[in-house]
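*Asks:* Dropping in entry_6.pdb, which is PDB, C-alpha atoms, pLDDT in the B column:
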ATOM      1  CA  MET A   1      89.945 -91.125  62.275  1.00 84.00           C
ATOM      2  CA  GLN A   2      87.613 -88.180  61.754  1.00 92.00           C
ATOM      3  CA  ILE A   3      87.019 -86.172  64.928  1.00 95.00           C
ATOM      4  CA  LEU A   4      84.684 -83.679  63.246  1.00 96.00           C
ATOM      5  CA  SER A   5      82.566 -83.744  60.116  1.00 94.00           C
ATOM      6  CA  ALA A   6      79.897 -81.499  58.635  1.00 94.00           C
ATOM      7  CA  GLU A   7      77.680 -82.731  55.824  1.00 94.00           C
ATOM      8  CA  ASN A   8      75.451 -80.389  53.795  1.00 94.00           C
ATOM      9  CA  LEU A   9      75.308 -78.034  56.776  1.00 95.00           C
ATOM     10  CA  SER A  10      73.007 -75.010  56.552  1.00 95.00           C
ATOM     11  CA  LYS A  11      71.780 -72.409  59.013  1.00 95.00           C
ATOM     12  CA  THR A  12      68.915 -70.015  58.326  1.00 94.00           C
ATOM     13  CA  TYR A  13      67.021 -67.432  60.359  1.00 90.00           C
ATOM     14  CA  GLN A  14      63.644 -65.810  59.856  1.00 87.00           C
ATOM     15  CA  ASN A  15      63.750 -62.017  59.851  1.00 83.00           C
ATOM     16  CA  ALA A  16      60.710 -59.841  59.120  1.00 82.00           C
ATOM     17  CA  GLY A  17      59.119 -62.610  57.114  1.00 82.00           C
ATOM     18  CA  ARG A  18      62.271 -63.273  55.100  1.00 89.00           C
ATOM     19  CA  THR A  19      64.673 -66.188  55.292  1.00 89.00           C
ATOM     20  CA  LEU A  20      68.266 -65.176  55.994  1.00 89.00           C
ATOM     21  CA  THR A  21      70.779 -67.843  55.013  1.00 92.00           C
ATOM     22  CA  VAL A  22      73.927 -67.632  57.132  1.00 93.00           C
ATOM     23  CA  LEU A  23      75.473 -70.961  56.080  1.00 95.00           C
ATOM     24  CA  ASP A  24      74.638 -72.758  52.856  1.00 94.00           C
ATOM     25  CA  ASN A  25      75.321 -76.467  52.268  1.00 94.00           C
ATOM     26  CA  ILE A  26      78.799 -76.733  53.813  1.00 94.00           C
ATOM     27  CA  SER A  27      80.639 -80.065  53.964  1.00 94.00           C
ATOM     28  CA  PHE A  28      84.086 -80.852  55.359  1.00 94.00           C
ATOM     29  CA  SER A  29      85.817 -83.194  57.767  1.00 94.00           C
ATOM     30  CA  ILE A  30      88.803 -82.877  60.100  1.00 95.00           C
ATOM     31  CA  GLU A  31      91.039 -85.703  61.238  1.00 94.00           C
ATOM     32  CA  GLU A  32      91.836 -86.341  64.883  1.00 93.00           C
ATOM     33  CA  GLY A  33      94.913 -84.412  66.015  1.00 93.00           C
ATOM     34  CA  ALA A  34      94.835 -82.009  63.054  1.00 94.00           C
ATOM     35  CA  THR A  35      94.904 -78.206  63.167  1.00 95.00           C
ATOM     36  CA  ALA A  36      92.605 -76.124  60.965  1.00 95.00           C
ATOM     37  CA  ALA A  37      91.631 -72.481  60.538  1.00 95.00           C
ATOM     38  CA  ILE A  38      88.261 -71.193  59.360  1.00 95.00           C
ATOM     39  CA  VAL A  39      88.712 -67.860  57.580  1.00 94.00           C
ATOM     40  CA  GLY A  40      86.554 -65.451  55.610  1.00 91.00           C
ATOM     41  CA  PRO A  41      85.292 -61.856  55.510  1.00 88.00           C
ATOM     42  CA  SER A  42      83.299 -60.393  58.378  1.00 86.00           C
ATOM     43  CA  GLY A  43      79.738 -61.681  58.232  1.00 86.00           C
ATOM     44  CA  SER A  44      80.686 -64.751  56.209  1.00 90.00           C
ATOM     45  CA  GLY A  45      79.382 -67.173  58.849  1.00 92.00           C
ATOM     46  CA  LYS A  46      82.653 -68.280  60.464  1.00 92.00           C
ATOM     47  CA  THR A  47      81.542 -68.005  64.085  1.00 91.00           C
ATOM     48  CA  THR A  48      78.146 -69.525  63.283  1.00 93.00           C
ATOM     49  CA  LEU A  49      79.916 -72.499  61.704  1.00 94.00           C
ATOM     50  CA  LEU A  50      82.152 -72.896  64.743  1.00 93.00           C
ATOM     51  CA  GLY A  51      79.130 -72.806  67.047  1.00 93.00           C
ATOM     52  CA  LEU A  52      77.339 -75.510  65.065  1.00 94.00           C
ATOM     53  CA  CYS A  53      80.421 -77.732  65.036  1.00 94.00           C
ATOM     54  CA  ALA A  54      80.806 -77.326  68.803  1.00 92.00           C
ATOM     55  CA  GLY A  55      77.156 -78.049  69.520  1.00 92.00           C
ATOM     56  CA  LEU A  56      76.453 -74.557  70.835  1.00 91.00           C
ATOM     57  CA  ASP A  57      73.660 -74.183  68.295  1.00 91.00           C
ATOM     58  CA  ARG A  58      71.580 -76.491  66.115  1.00 91.00           C
ATOM     59  CA  ALA A  59      71.769 -76.541  62.315  1.00 93.00           C
ATOM     60  CA  SER A  60      68.686 -75.833  60.202  1.00 93.00           C
ATOM     61  CA  SER A  61      69.640 -78.785  57.995  1.00 94.00           C
ATOM     62  CA  GLY A  62      72.574 -81.106  57.488  1.00 95.00           C
ATOM     63  CA  ILE A  63      74.623 -83.231  59.860  1.00 95.00           C
ATOM     64  CA  VAL A  64      77.421 -82.533  62.339  1.00 95.00           C
ATOM     65  CA  LYS A  65      79.354 -85.417  63.866  1.00 95.00           C
ATOM     66  CA  LEU A  66      81.731 -84.791  66.757  1.00 95.00           C
ATOM     67  CA  ASN A  67      83.805 -87.729  67.989  1.00 92.00           C
ATOM     68  CA  ASP A  68      81.470 -89.937  65.906  1.00 92.00           C
ATOM     69  CA  ILE A  69      78.399 -88.621  67.755  1.00 94.00           C
ATOM     70  CA  MET A  70      75.645 -87.023  65.676  1.00 94.00           C
ATOM     71  CA  LEU A  71      74.904 -83.674  67.332  1.00 93.00           C
ATOM     72  CA  ASN A  72      71.610 -83.207  65.481  1.00 88.00           C
ATOM     73  CA  LYS A  73      69.970 -85.988  67.496  1.00 86.00           C
ATOM     74  CA  LEU A  74      71.026 -84.648  70.900  1.00 92.00           C
ATOM     75  CA  SER A  75      68.998 -82.479  73.256  1.00 92.00           C
ATOM     76  CA  GLU A  76      70.465 -79.244  74.598  1.00 91.00           C
ATOM     77  CA  ASP A  77      71.425 -80.979  77.859  1.00 92.00           C
ATOM     78  CA  GLU A  78      73.017 -83.867  75.983  1.00 93.00           C
ATOM     79  CA  ARG A  79      75.050 -81.457  73.849  1.00 92.00           C
ATOM     80  CA  ALA A  80      76.201 -79.672  77.028  1.00 90.00           C
ATOM     81  CA  LEU A  81      77.346 -82.990  78.476  1.00 90.00           C
ATOM     82  CA  LEU A  82      79.207 -83.837  75.276  1.00 92.00           C
ATOM     83  CA  ARG A  83      80.977 -80.468  75.331  1.00 91.00           C
ATOM     84  CA  ASN A  84      82.063 -81.024  78.914  1.00 88.00           C
ATOM     85  CA  GLN A  85      83.450 -84.447  78.011  1.00 89.00           C
ATOM     86  CA  TYR A  86      85.209 -83.706  74.731  1.00 92.00           C
ATOM     87  CA  VAL A  87      85.419 -79.973  73.955  1.00 94.00           C
ATOM     88  CA  GLY A  88      87.527 -76.989  75.011  1.00 92.00           C
ATOM     89  CA  PHE A  89      86.776 -73.345  74.099  1.00 91.00           C
ATOM     90  CA  ILE A  90      88.751 -70.145  73.772  1.00 91.00           C
ATOM     91  CA  PHE A  91      86.780 -66.954  73.053  1.00 88.00           C
ATOM     92  CA  GLN A  92      87.816 -63.511  71.849  1.00 86.00           C
ATOM     93  CA  ASN A  93      86.315 -61.867  74.948  1.00 88.00           C
ATOM     94  CA  PHE A  94      87.687 -64.565  77.309  1.00 89.00           C
ATOM     95  CA  GLN A  95      84.287 -65.507  78.886  1.00 91.00           C
ATOM     96  CA  LEU A  96      85.694 -65.817  82.396  1.00 94.00           C
ATOM     97  CA  LEU A  97      83.261 -65.779  85.312  1.00 95.00           C
ATOM     98  CA  PRO A  98      83.882 -62.402  87.005  1.00 96.00           C
ATOM     99  CA  THR A  99      82.944 -63.583  90.509  1.00 97.00           C
ATOM    100  CA  LEU A 100      85.489 -66.421  90.449  1.00 97.00           C
ATOM    101  CA  THR A 101      89.256 -66.210  90.793  1.00 97.00           C
ATOM    102  CA  ALA A 102      91.568 -67.347  88.005  1.00 96.00           C
ATOM    103  CA  LEU A 103      92.048 -70.678  89.770  1.00 96.00           C
ATOM    104  CA  GLU A 104      88.317 -71.147  90.317  1.00 96.00           C
ATOM    105  CA  ASN A 105      87.608 -70.392  86.644  1.00 95.00           C
ATOM    106  CA  VAL A 106      89.999 -73.144  85.606  1.00 95.00           C
ATOM    107  CA  MET A 107      88.415 -75.530  88.108  1.00 94.00           C
ATOM    108  CA  VAL A 108      84.854 -75.132  86.779  1.00 92.00           C
ATOM    109  CA  PRO A 109      84.930 -77.793  84.013  1.00 88.00           C
ATOM    110  CA  LEU A 110      86.576 -80.280  86.365  1.00 89.00           C
ATOM    111  CA  GLU A 111      83.953 -79.636  89.046  1.00 88.00           C
ATOM    112  CA  LEU A 112      81.194 -80.240  86.510  1.00 84.00           C
ATOM    113  CA  ARG A 113      82.811 -83.557  85.621  1.00 83.00           C
ATOM    114  CA  GLY A 114      82.970 -84.559  89.286  1.00 82.00           C
ATOM    115  CA  GLU A 115      86.713 -85.171  89.160  1.00 82.00           C
ATOM    116  CA  LYS A 116      89.048 -85.330  92.136  1.00 84.00           C
ATOM    117  CA  ASN A 117      92.177 -83.311  92.944  1.00 87.00           C
ATOM    118  CA  ILE A 118      90.840 -80.500  90.814  1.00 92.00           C
ATOM    119  CA  LYS A 119      92.685 -77.737  92.662  1.00 93.00           C
ATOM    120  CA  SER A 120      96.122 -79.268  92.100  1.00 92.00           C
ATOM    121  CA  ARG A 121      95.308 -80.055  88.456  1.00 91.00           C
ATOM    122  CA  SER A 122      94.112 -76.494  87.884  1.00 94.00           C
ATOM    123  CA  MET A 123      97.216 -75.048  89.536  1.00 95.00           C
ATOM    124  CA  GLU A 124      99.382 -77.166  87.229  1.00 93.00           C
ATOM    125  CA  LEU A 125      97.602 -75.694  84.221  1.00 92.00           C
ATOM    126  CA  LEU A 126      97.953 -72.126  85.519  1.00 94.00           C
ATOM    127  CA  ASP A 127     101.646 -72.829  85.978  1.00 93.00           C
ATOM    128  CA  LYS A 128     101.913 -74.025  82.366  1.00 90.00           C
ATOM    129  CA  VAL A 129     100.510 -70.721  81.124  1.00 92.00           C
ATOM    130  CA  GLY A 130     102.762 -68.742  83.469  1.00 91.00           C
ATOM    131  CA  LEU A 131     100.115 -67.663  85.982  1.00 94.00           C
ATOM    132  CA  ALA A 132     100.802 -69.822  89.014  1.00 93.00           C
ATOM    133  CA  ASP A 133     101.187 -66.690  91.122  1.00 94.00           C
ATOM    134  CA  ARG A 134      97.940 -65.107  89.875  1.00 94.00           C
ATOM    135  CA  GLY A 135      95.490 -67.846  90.808  1.00 95.00           C
ATOM    136  CA  HIS A 136      93.854 -65.809  93.586  1.00 96.00           C
ATOM    137  CA  HIS A 137      93.218 -62.794  91.329  1.00 97.00           C
ATOM    138  CA  TYR A 138      89.827 -62.035  89.801  1.00 97.00           C
ATOM    139  CA  PRO A 139      89.443 -61.363  86.037  1.00 96.00           C
ATOM    140  CA  THR A 140      89.167 -57.595  86.563  1.00 95.00           C
ATOM    141  CA  GLN A 141      92.585 -57.694  88.246  1.00 97.00           C
ATOM    142  CA  LEU A 142      94.197 -59.341  85.216  1.00 95.00           C
ATOM    143  CA  SER A 143      95.339 -57.907  81.900  1.00 93.00           C
ATOM    144  CA  GLY A 144      93.733 -59.041  78.649  1.00 92.00           C
ATOM    145  CA  GLY A 145      96.623 -61.349  77.923  1.00 92.00           C
ATOM    146  CA  GLU A 146      96.457 -62.853  81.403  1.00 94.00           C
ATOM    147  CA  GLN A 147      92.712 -63.400  81.086  1.00 94.00           C
ATOM    148  CA  GLN A 148      93.211 -65.193  77.779  1.00 92.00           C
ATOM    149  CA  ARG A 149      95.882 -67.394  79.346  1.00 92.00           C
ATOM    150  CA  VAL A 150      93.439 -68.284  82.142  1.00 95.00           C
ATOM    151  CA  SER A 151      90.825 -69.175  79.526  1.00 94.00           C
ATOM    152  CA  LEU A 152      93.448 -71.308  77.774  1.00 92.00           C
ATOM    153  CA  ALA A 153      94.204 -73.175  80.999  1.00 93.00           C
ATOM    154  CA  ARG A 154      90.477 -73.663  81.525  1.00 93.00           C
ATOM    155  CA  ALA A 155      90.059 -74.934  77.956  1.00 92.00           C
ATOM    156  CA  PHE A 156      92.601 -77.690  78.552  1.00 90.00           C
ATOM    157  CA  SER A 157      91.439 -78.559  82.073  1.00 89.00           C
ATOM    158  CA  ASN A 158      89.089 -81.307  80.893  1.00 85.00           C
ATOM    159  CA  SER A 159      91.693 -82.792  78.496  1.00 87.00           C
ATOM    160  CA  PRO A 160      89.514 -82.066  75.439  1.00 91.00           C
ATOM    161  CA  LYS A 161      89.657 -84.102  72.261  1.00 93.00           C
ATOM    162  CA  ILE A 162      88.997 -80.937  70.267  1.00 95.00           C
ATOM    163  CA  LEU A 163      89.657 -77.263  70.994  1.00 94.00           C
ATOM    164  CA  PHE A 164      87.564 -74.545  69.344  1.00 95.00           C
ATOM    165  CA  ALA A 165      89.050 -71.037  69.353  1.00 94.00           C
ATOM    166  CA  ASP A 166      87.031 -68.034  68.142  1.00 92.00           C
ATOM    167  CA  GLU A 167      89.349 -65.119  67.299  1.00 91.00           C
ATOM    168  CA  PRO A 168      91.619 -66.027  70.256  1.00 89.00           C
ATOM    169  CA  THR A 169      93.914 -63.031  69.661  1.00 87.00           C
ATOM    170  CA  GLY A 170      91.257 -60.548  68.549  1.00 86.00           C
ATOM    171  CA  ASN A 171      91.419 -58.422  71.715  1.00 84.00           C
ATOM    172  CA  LEU A 172      95.168 -58.639  72.275  1.00 86.00           C
ATOM    173  CA  ASP A 173      98.110 -56.505  71.185  1.00 86.00           C
ATOM    174  CA  ALA A 174     100.701 -57.970  68.823  1.00 87.00           C
ATOM    175  CA  GLU A 175     103.252 -58.946  71.473  1.00 87.00           C
ATOM    176  CA  THR A 176     100.670 -60.563  73.737  1.00 87.00           C
ATOM    177  CA  SER A 177      99.043 -62.297  70.758  1.00 88.00           C
ATOM    178  CA  GLU A 178     102.339 -63.927  69.848  1.00 89.00           C
ATOM    179  CA  LYS A 179     102.740 -65.338  73.354  1.00 88.00           C
ATOM    180  CA  VAL A 180      99.159 -66.633  73.495  1.00 88.00           C
ATOM    181  CA  VAL A 181      99.436 -68.248  70.056  1.00 91.00           C
ATOM    182  CA  LYS A 182     102.622 -70.030  71.091  1.00 90.00           C
ATOM    183  CA  LEU A 183     100.875 -71.336  74.217  1.00 90.00           C
ATOM    184  CA  ILE A 184      97.872 -72.543  72.207  1.00 89.00           C
ATOM    185  CA  PHE A 185     100.019 -74.553  69.810  1.00 92.00           C
ATOM    186  CA  ASP A 186     102.420 -75.790  72.503  1.00 89.00           C
ATOM    187  CA  LEU A 187      99.609 -77.059  74.732  1.00 87.00           C
ATOM    188  CA  ASN A 188      97.802 -78.469  71.721  1.00 87.00           C
ATOM    189  CA  ARG A 189     100.811 -80.501  70.621  1.00 89.00           C
ATOM    190  CA  GLU A 190     101.468 -81.682  74.162  1.00 88.00           C
ATOM    191  CA  ALA A 191      97.887 -82.886  74.609  1.00 88.00           C
ATOM    192  CA  GLY A 192      97.436 -84.209  71.055  1.00 90.00           C
ATOM    193  CA  THR A 193      94.220 -82.200  70.779  1.00 93.00           C
ATOM    194  CA  THR A 194      92.518 -81.300  67.503  1.00 95.00           C
ATOM    195  CA  LEU A 195      92.468 -77.520  66.997  1.00 95.00           C
ATOM    196  CA  VAL A 196      89.854 -75.613  65.002  1.00 96.00           C
ATOM    197  CA  LEU A 197      90.122 -71.836  65.108  1.00 94.00           C
ATOM    198  CA  VAL A 198      88.307 -68.900  63.537  1.00 94.00           C
ATOM    199  CA  THR A 199      90.532 -65.951  62.722  1.00 92.00           C
ATOM    200  CA  HIS A 200      90.979 -62.854  60.573  1.00 87.00           C
ATOM    201  CA  ASP A 201      94.747 -63.179  61.064  1.00 88.00           C
ATOM    202  CA  MET A 202      96.139 -64.924  57.993  1.00 90.00           C
ATOM    203  CA  GLU A 203      99.536 -65.375  59.677  1.00 91.00           C
ATOM    204  CA  LEU A 204      97.797 -67.303  62.442  1.00 92.00           C
ATOM    205  CA  ALA A 205      95.785 -69.306  59.904  1.00 93.00           C
ATOM    206  CA  ALA A 206      99.008 -70.197  58.075  1.00 93.00           C
ATOM    207  CA  MET A 207     100.311 -71.860  61.254  1.00 94.00           C
ATOM    208  CA  THR A 208      97.594 -74.528  60.982  1.00 94.00           C
ATOM    209  CA  GLN A 209      97.762 -77.540  58.696  1.00 93.00           C
ATOM    210  CA  ARG A 210      94.653 -76.565  56.779  1.00 93.00           C
ATOM    211  CA  THR A 211      92.604 -73.482  55.931  1.00 94.00           C
ATOM    212  CA  ILE A 212      88.847 -73.660  55.356  1.00 95.00           C
ATOM    213  CA  ARG A 213      87.583 -70.558  53.550  1.00 94.00           C
ATOM    214  CA  ILE A 214      83.983 -69.444  53.524  1.00 94.00           C
ATOM    215  CA  LYS A 215      82.363 -66.430  51.874  1.00 93.00           C
ATOM    216  CA  GLY A 216      78.744 -65.407  51.999  1.00 91.00           C
ATOM    217  CA  GLY A 217      77.937 -68.551  53.940  1.00 92.00           C
ATOM    218  CA  LYS A 218      79.356 -70.823  51.245  1.00 93.00           C
ATOM    219  CA  LEU A 219      82.478 -72.978  51.297  1.00 93.00           C
ATOM    220  CA  VAL A 220      84.943 -71.667  48.723  1.00 90.00           C
ATOM    221  CA  ASP A 221      88.128 -73.572  49.557  1.00 84.00           C
ATOM    222  CA  GLY A 222      89.555 -76.219  51.876  1.00 73.00           C
ATOM    223  CA  GLY A 223      86.504 -78.411  52.254  1.00 59.00           C
ATOM    224  CA  ALA A 224      86.451 -82.164  51.894  1.00 53.00           C
ATOM    225  CA  GLN A 225      83.173 -83.785  50.891  1.00 42.00           C
ATOM    226  CA  VAL A 226      82.097 -86.372  53.459  1.00 44.00           C
TER     227      VAL A 226
END
Could you take the file, read its structure, and then write that structure out as structure tokens?
*Replies:*
Amino acid sequence: MQILSAENLSKTYQNAGRTLTVLDNISFSIEEGATAAIVGPSGSGKTTLLGLCAGLDRASSGIVKLNDIMLNKLSEDERALLRNQYVGFIFQNFQLLPTLTALENVMVPLELRGEKNIKSRSMELLDKVGLADRGHHYPTQLSGGEQQRVSLARAFSNSPKILFADEPTGNLDAETSEKVVKLIFDLNREAGTTLVLVTHDMELAAMTQRTIRIKGGKLVDGGAQV
């Protein structure tokens, strides 16, 4: 079953009276439970593509389907609800809420879903990423690697069907990156989640089952017409 598909996807912006094309007619699909990397030079449109697939932004033309739901027809609030139900995120700059502790950051998606026993569930996830004893610390009291592990625990807190990771090791040193990557793939296998990541790290990309290459906003390799 396809968990994600993009069909003739394009994204343009108007700048000083000119049309800037960031993504141009991209089509591909990803099967449920698969792992895939989106790679390409800086400015090629990788992060824009990830944002469209996750429903963070709306395409100028084309279709995105996530879990068989057409994102193009959803309002902003409806896309937010879909993300809370089906999607997990890991960002390069962690995106933790600075006024919340590590534990509280992990609890946020569960609170939004109105679930019960969220504190114990969140503590279990912090334990899985090796931070059970750091739950009461705020982001500024944590190292970069620890913050990324908190964001990883948060990403899996709502048991997502698909996990989007944007340069998840971009702000980490080599040793810390290796540990975080292992956690991402270990948790992903355990949960049976689909993984789609954007990366400049070709060693990381090679760990996925499939590489989707884009250049200048165009798909150059790894796409499947849908």
*Asks:* State, in Å with one decimal place, the distance from atom CA of A:His136 to atom CA of A:Ala102.
*Replies:* 6.2 Å
*Asks:* Calculated over all atoms listed in the file, which of the candidates A:Ala206, A:Leu100, A:Cys53, A:Leu197 has the smallest distance to A:Gln141?
*Replies:*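 The answer is A:Leu100, which sits nearest to A:Gln141.
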*Asks:* Contacts of A:Asp68 at 9 Å or less, counting only C-alpha atoms, minus same-chain residues fewer than 6 places along, as a list in words?
*Replies:*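 In the requested form, the answer reads Gln2, Ile3, Leu4 and Ser5 of chain A.
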*Asks:* Residues within 6 Å of stretch 154-170 of chain A, please, as a list of chain:residue names. Count only C-alpha atoms; anything in the same chain fewer than 3 positions from it doesn't count.
*Replies:*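 My list of contacting residues is A:Tyr86, A:Val87, A:Gly88, A:Phe89, A:Ile90, A:Phe91, A:Gln92, A:Val106, A:Ser151, A:Ser177, A:Thr193, A:Thr194, A:Leu195, A:Val196, A:Leu197, A:Val198, A:Thr199.
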*Asks:* Pick the closest to A:Leu125 from A:Arg213, A:Arg58, A:Lys73, A:Arg149: which is it, counting all atoms listed in the file?
*Replies:* A:Arg149
*Asks:* Do you have the atom CA of A:Ala6-atom CA of A:Leu112 distance handy?
*Replies:*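 Separation between atom CA of A:Ala6 and atom CA of A:Leu112: 27.9 Å.
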*Asks:* Suppose you want the space between atom CA of A:Arg79 and atom CA of A:Leu66; what is it in Å?
*Replies:*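 That distance, rounded to one decimal, is 10.3 Å.
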*Asks:* Evaluate the PyMOL selection byres ((chain A and resi 218) around 8) on the structure here and hand back the selected residues as a VMD selection string.
*Replies:* chain A and resid 23 to 26 44 214 to 217 219 to 220
*Asks:* Taking all atoms of stretch 112-123 of chain A that the file lists, what box with edges along x, y and z, padded by 5 Å per side, do you get, with centre and edge lengths in Å to one decimal, as AutoDock Vina command-line options?
*Replies:*
--center_x 89.2 --center_y -80.2 --center_z 89.3 --size_x 26.0 --size_y 20.3 --size_z 17.3
*Asks:* Which residue gives the smallest distance to A:Leu96 among A:Ser42, A:Ser60, A:Thr140, A:Ser75, with all atoms listed in the file counted?
*Replies:*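 Of A:Ser42, A:Ser60, A:Thr140, A:Ser75, the one nearest A:Leu96 is A:Thr140, counting all atoms listed in the file.
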*Asks:* For A:Gly135, please output as a ChimeraX atom specification all residues within 9 Å (counting all atoms listed in the file; exclusion window: fewer than 6 positions along the same chain).
*Replies:* /A:101-104,123,126,150
*Asks:* Generate the output file for the selected residues, C-alpha atoms, as a PDB file, keeping the file's coordinate frame.
*Replies:*
ATOM      1  CA  THR A 101      89.256 -66.210  90.793  1.00 97.00           C
ATOM      2  CA  ALA A 102      91.568 -67.347  88.005  1.00 96.00           C
ATOM      3  CA  LEU A 103      92.048 -70.678  89.770  1.00 96.00           C
ATOM      4  CA  GLU A 104      88.317 -71.147  90.317  1.00 96.00           C
ATOM      5  CA  MET A 123      97.216 -75.048  89.536  1.00 95.00           C
ATOM      6  CA  LEU A 126      97.953 -72.126  85.519  1.00 94.00           C
ATOM      7  CA  VAL A 150      93.439 -68.284  82.142  1.00 95.00           C
TER       8      VAL A 150
END
*Asks:* Could you tell me which of A:Leu74, A:Met1, A:Ala153, A:Leu183 comes closest to A:Glu32 if we count all atoms listed in the file?
*Replies:*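 Using all atoms listed in the file, the shortest distance to A:Glu32 belongs to A:Met1.
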*Asks:* From the set A:Asp221, A:Thr99, A:Leu172, A:Lys116, which residue has the shortest atom-to-atom contact distance to A:Tyr138, counting only C-alpha atoms?
*Replies:*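 Smallest separation from A:Tyr138 among the options: A:Thr99.
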